[in-house]
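Asker: Just so it is clear, I am handing over target06.cif, which has mmCIF, C-alpha atoms.
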data_start
loop_
_atom_site.label_atom_id
_atom_site.label_comp_id
_atom_site.auth_asym_id
_atom_site.auth_seq_id
_atom_site.Cartn_x
_atom_site.Cartn_y
_atom_site.Cartn_z
CA MET A 757 14.44 -9.31 -5.06
CA SER A 758 11.24 -8.26 -3.33
CA GLU A 759 11.40 -6.47 -0.04
CA ARG A 760 10.25 -7.53 3.39
CA HIS A 761 8.30 -4.81 5.17
CA HIS A 762 7.45 -4.68 8.86
CA PHE A 763 5.25 -2.00 10.38
CA GLU A 764 3.98 -1.86 13.94
CA GLN A 765 0.90 0.23 13.15
CA VAL A 766 -0.09 1.49 9.74
CA ASP A 767 -1.88 4.76 8.98
CA LEU A 768 -3.78 3.18 6.08
CA PHE A 769 -4.86 -0.31 5.07
CA THR A 770 -7.17 -0.41 2.09
CA ALA A 771 -8.18 -2.28 -1.04
CA VAL A 772 -8.57 -0.71 -4.46
CA THR A 773 -9.39 -1.86 -7.97
CA GLU A 774 -8.47 -0.77 -11.47
CA GLY A 775 -10.47 -1.60 -14.57
CA ARG A 776 -14.08 -2.39 -15.30
CA PRO A 777 -16.04 -5.31 -13.80
CA GLY A 778 -14.90 -8.58 -15.30
CA GLN A 779 -11.43 -7.15 -15.97
CA ARG A 780 -10.63 -5.55 -12.63
CA VAL A 781 -7.27 -5.87 -10.95
CA PHE A 782 -7.32 -5.87 -7.14
CA TYR A 783 -4.69 -4.33 -4.90
CA LEU A 784 -4.06 -4.03 -1.19
CA GLN A 785 -2.23 -0.95 0.00
CA LEU A 786 -0.78 0.02 3.35
CA ARG A 787 0.95 3.18 4.42
CA GLN A 788 2.98 4.21 7.41
CA ALA A 789 4.02 7.86 7.31
CA ALA A 790 5.57 8.40 3.85
CA GLU A 791 6.20 4.70 3.11
CA VAL A 792 3.57 3.08 0.88
CA VAL A 793 3.42 -0.62 0.04
CA THR A 794 1.09 -1.82 -2.72
CA VAL A 795 0.56 -5.49 -3.58
CA LYS A 796 -1.54 -7.14 -6.25
CA CYS A 797 -4.02 -9.79 -5.19
CA GLU A 798 -7.11 -11.70 -6.29
CA LYS A 799 -10.70 -10.62 -5.78
CA GLN A 800 -11.28 -13.77 -3.73
CA GLN A 801 -8.43 -12.82 -1.39
CA VAL A 802 -9.94 -9.39 -0.74
CA GLU A 803 -13.35 -10.97 -0.20
CA ALA A 804 -12.08 -13.71 2.13
CA LEU A 805 -9.94 -11.30 4.16
CA GLY A 806 -12.84 -8.87 4.57
CA GLN A 807 -15.23 -11.63 5.63
CA TYR A 808 -12.71 -13.14 8.03
CA LEU A 809 -11.96 -9.81 9.70
CA GLY A 810 -15.71 -9.21 9.95
CA ARG A 811 -16.22 -12.55 11.73
CA LEU A 812 -13.35 -11.84 14.13
CA LEU A 813 -14.73 -8.37 14.87
CA ALA A 814 -18.13 -9.85 15.72
CA ASP A 815 -16.54 -11.43 18.81
CA LEU A 816 -14.95 -8.16 19.97
CA PRO A 817 -16.41 -4.90 21.31
CA ASN A 818 -17.26 -2.35 18.61
CA PRO A 819 -14.25 -0.35 17.48
CA GLU A 820 -14.14 3.23 18.64
CA PRO A 821 -13.15 5.27 15.61
CA VAL A 822 -13.76 3.81 12.16
CA PRO A 823 -11.72 5.68 9.54
CA GLU A 824 -13.74 7.91 7.24
CA ALA A 825 -13.97 6.85 3.59
CA ALA A 826 -11.93 9.87 2.47
CA SER A 827 -9.05 8.81 4.72
CA ARG A 828 -8.97 5.34 3.08
CA GLN A 829 -8.00 6.62 -0.37
CA ALA A 830 -5.12 4.73 -1.96
CA ALA A 831 -2.03 6.50 -3.22
CA THR A 832 -1.57 6.45 -6.96
CA PRO A 833 -0.11 5.30 -9.24
CA LEU A 834 -0.66 1.72 -8.12
CA LEU A 835 2.74 0.07 -8.49
CA PRO A 836 2.62 -3.38 -6.88
CA GLU A 837 5.77 -4.74 -5.27
CA PHE A 838 4.59 -8.33 -5.56
CA VAL A 839 1.61 -10.62 -6.10
CA VAL A 840 0.12 -11.96 -2.87
CA GLY A 841 0.26 -15.70 -2.39
CA SER A 842 -0.76 -16.21 1.22
CA ILE A 843 -2.37 -14.05 3.88
CA SER A 844 -2.09 -14.72 7.61
CA VAL A 845 -4.18 -13.02 10.28
CA ALA A 846 -3.87 -13.10 14.07
CA PHE A 847 -5.25 -10.98 16.89
CA ASN A 848 -2.85 -9.63 19.50
CA ALA A 849 -5.04 -9.03 22.56
CA GLU A 850 -2.19 -7.36 24.49
CA VAL A 851 -2.14 -4.40 22.09
CA ASP A 852 -5.71 -4.84 20.79
CA ARG A 853 -4.60 -5.11 17.16
CA PHE A 854 -4.81 -7.51 14.26
CA VAL A 855 -1.49 -8.71 12.89
CA LEU A 856 -1.51 -9.39 9.15
CA GLU A 857 1.19 -10.90 7.01
CA LEU A 858 1.08 -10.87 3.23
CA GLU A 859 3.54 -13.18 1.50
CA GLU A 860 4.51 -13.10 -2.14
CA ALA A 861 3.40 -15.96 -4.38
CA ILE A 862 6.44 -17.95 -5.39
CA ALA A 863 7.05 -20.20 -8.38
CA VAL A 864 7.09 -23.94 -7.78
CA ASP A 865 8.34 -26.86 -9.86
CA GLU A 866 6.32 -29.82 -11.13
CA GLU A 867 6.46 -31.52 -7.71
CA GLY A 868 5.16 -28.39 -5.98
CA GLU A 869 8.51 -27.51 -4.46
CA PRO A 870 9.68 -23.87 -4.50
CA GLU A 871 12.19 -23.07 -7.21
CA PRO A 872 15.79 -22.68 -5.95
CA GLY A 873 16.25 -19.37 -4.16
CA ALA A 874 12.56 -18.43 -4.41
CA VAL A 875 11.95 -18.46 -0.65
CA GLU A 876 14.99 -16.24 0.00
CA ARG A 877 13.71 -13.72 -2.58
CA GLN A 878 10.09 -13.88 -1.38
CA GLY A 879 8.61 -10.49 -0.51
CA SER A 880 6.40 -9.95 2.50
CA ALA A 881 4.61 -7.27 4.45
CA ARG A 882 3.84 -7.70 8.15
CA PHE A 883 1.81 -5.02 9.87
CA GLU A 884 -0.76 -4.30 12.54
CA ILE A 885 -4.16 -2.64 12.23
CA ASP A 886 -6.60 -1.58 14.92
CA ARG A 887 -10.23 -2.71 15.12
CA GLY A 888 -11.45 0.47 13.41
CA GLN A 889 -9.18 -0.14 10.42
CA ALA A 890 -10.26 -3.80 10.31
CA SER A 891 -13.93 -2.80 10.36
CA ALA A 892 -13.41 -0.22 7.60
CA PHE A 893 -11.54 -2.78 5.48
CA ALA A 894 -14.27 -5.41 5.94
CA SER A 895 -16.92 -2.92 4.76
CA LEU A 896 -14.81 -1.75 1.83
CA ALA A 897 -14.05 -5.32 0.73
CA ALA A 898 -17.77 -6.14 0.68
CA GLU A 899 -18.46 -2.99 -1.39
CA LEU A 900 -15.71 -3.77 -3.91
CA VAL A 901 -16.87 -7.36 -4.39
CA ALA A 902 -20.51 -6.31 -4.74
CA ALA A 903 -19.52 -3.75 -7.40
CA GLY A 904 -18.46 -6.55 -9.75
CA ARG A 905 -20.52 -8.36 -12.35
CA PRO A 906 -23.86 -9.62 -11.04
CA PRO A 907 -24.16 -13.40 -10.65
CA CYS A 908 -26.38 -15.57 -12.83
CA ARG A 909 -29.50 -16.49 -10.86
CA PHE A 910 -29.26 -20.09 -12.03
CA CYS A 911 -25.58 -21.07 -11.82
CA GLY A 912 -24.02 -18.25 -9.78
CA SER A 913 -21.29 -17.53 -12.34
CA PRO A 914 -20.67 -13.87 -13.20
CA LEU A 915 -22.76 -12.48 -16.04
CA ASP A 916 -20.76 -11.06 -18.94
CA PRO A 917 -22.03 -7.98 -20.79
CA GLU A 918 -21.49 -9.88 -24.06
CA GLY A 919 -23.74 -12.73 -22.90
CA HIS A 920 -23.64 -15.75 -20.64
CA MET A 921 -23.74 -19.42 -21.56
CA CYS A 922 -25.35 -20.84 -18.42
CA PRO A 923 -24.65 -24.56 -17.96
CA ARG A 924 -27.95 -24.96 -16.10
CA MET A 925 -29.98 -23.62 -19.00
CA ASN A 926 -29.06 -26.48 -21.39
#
What do you get writing this file as structure tokens?
Answerer:
Amino acid sequence: MSERHHFEQVDLFTAVTEGRPGQRVFYLQLRQAAEVVTVKCEKQQVEALGQYLGRLLADLPNPEPVPEAASRQAATPLLPEFVVGSISVAFNAEVDRFVLELEEAIAVDEEGEPEPGAVERQGSARFEIDRGQASAFASLAAELVAAGRPPCRFCGSPLDPEGHMCPRMN
């Protein structure tokens, strides 16, 4: 059974990858004091979350302190508690923080219904980050995505080091 974590304010919220471009595994990690939660996710989830936080931040005053890159280092080894299925984001204006919830992907049957007991066993992490942490995450997410394989100039698909069969070059 996966755990359900709830943190008011985390000390760290970051993204990290393992592997070389084209074979990278993406993780999100949060830490509050000595408790560290690591979850596995998709590159597109990191990219979408970073872009979304960036758009939300554009409507707010600039954050005061943005965490330094050295303070955003993930704890290792990376041992994910679950694979992220859905990500929810809200802004709590009363405390001037973003509220994020990461929910574990759960197995579904042929009709798309969760398997028996899957929802009860579903892991989650709910936490709050300030505008500085959100800004730092948005920048880091853009850097991580840009560090991947370059896109083909014709079709936009990632270029493989072994070669690329571009459908537009037929």
Asker: Looking at A:Thr794, A:Gln779, A:Ser758, A:Thr832, which one is nearest to A:Pro917, with distances taken over all atoms listed in the file?
Answerer: A:Gln779
Asker: Can you work out the spacing between atom CA of A:Gly873 and atom CA of A:Ala846 in Å, to one decimal?
Answerer: 27.9 Å
Asker: Go through the shown structure with the PyMOL selection byres ((chain A and resi 922) around 10) and write out the matching residues as a list in words.
Answerer: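 Expected selection for the PyMOL selection byres ((chain A and resi 922) around 10) here is Cys908, Arg909, Phe910, Cys911, Gly912, Ser913, Pro914, Leu915, Gly919, His920, Met921, Pro923, Arg924, Met925 and Asn926 of chain A.
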Asker: Looking at A:Phe847, A:Ala881, A:Ala897, A:Leu805, which one is nearest to A:Val792, with distances taken over all atoms listed in the file?
Answerer: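 With all atoms listed in the file as the atom set, the closest residue is A:Ala881.
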Asker: Contacts of A:Glu857 at 12 Å or less, counting all atoms listed in the file, minus same-chain residues fewer than 2 places along, as a ChimeraX atom specification?
Answerer: /A:760-764,784,786,795,805,840-847,854-855,859-860,879-885
Asker: Write a file of the just-selected residues containing C-alpha atoms, as a JSON list (two decimals), keeping the file's coordinate frame.
Answerer:
[["chain", "number", "residue", "atom", "x", "y", "z"],
["A", 760, "ARG", "CA", 10.25, -7.53, 3.39],
["A", 761, "HIS", "CA", 8.30, -4.81, 5.17],
["A", 762, "HIS", "CA", 7.45, -4.68, 8.86],
["A", 763, "PHE", "CA", 5.25, -2.00, 10.38],
["A", 764, "GLU", "CA", 3.98, -1.86, 13.94],
["A", 784, "LEU", "CA", -4.06, -4.03, -1.19],
["A", 786, "LEU", "CA", -0.78, 0.02, 3.35],
["A", 795, "VAL", "CA", 0.56, -5.49, -3.58],
["A", 805, "LEU", "CA", -9.94, -11.30, 4.16],
["A", 840, "VAL", "CA", 0.12, -11.96, -2.87],
["A", 841, "GLY", "CA", 0.26, -15.70, -2.39],
["A", 842, "SER", "CA", -0.76, -16.21, 1.22],
["A", 843, "ILE", "CA", -2.37, -14.05, 3.88],
["A", 844, "SER", "CA", -2.09, -14.72, 7.61],
["A", 845, "VAL", "CA", -4.18, -13.02, 10.28],
["A", 846, "ALA", "CA", -3.87, -13.10, 14.07],
["A", 847, "PHE", "CA", -5.25, -10.98, 16.89],
["A", 854, "PHE", "CA", -4.81, -7.51, 14.26],
["A", 855, "VAL", "CA", -1.49, -8.71, 12.89],
["A", 859, "GLU", "CA", 3.54, -13.18, 1.50],
["A", 860, "GLU", "CA", 4.51, -13.10, -2.14],
["A", 879, "GLY", "CA", 8.61, -10.49, -0.51],
["A", 880, "SER", "CA", 6.40, -9.95, 2.50],
["A", 881, "ALA", "CA", 4.61, -7.27, 4.45],
["A", 882, "ARG", "CA", 3.84, -7.70, 8.15],
["A", 883, "PHE", "CA", 1.81, -5.02, 9.87],
["A", 884, "GLU", "CA", -0.76, -4.30, 12.54],
["A", 885, "ILE", "CA", -4.16, -2.64, 12.23]]
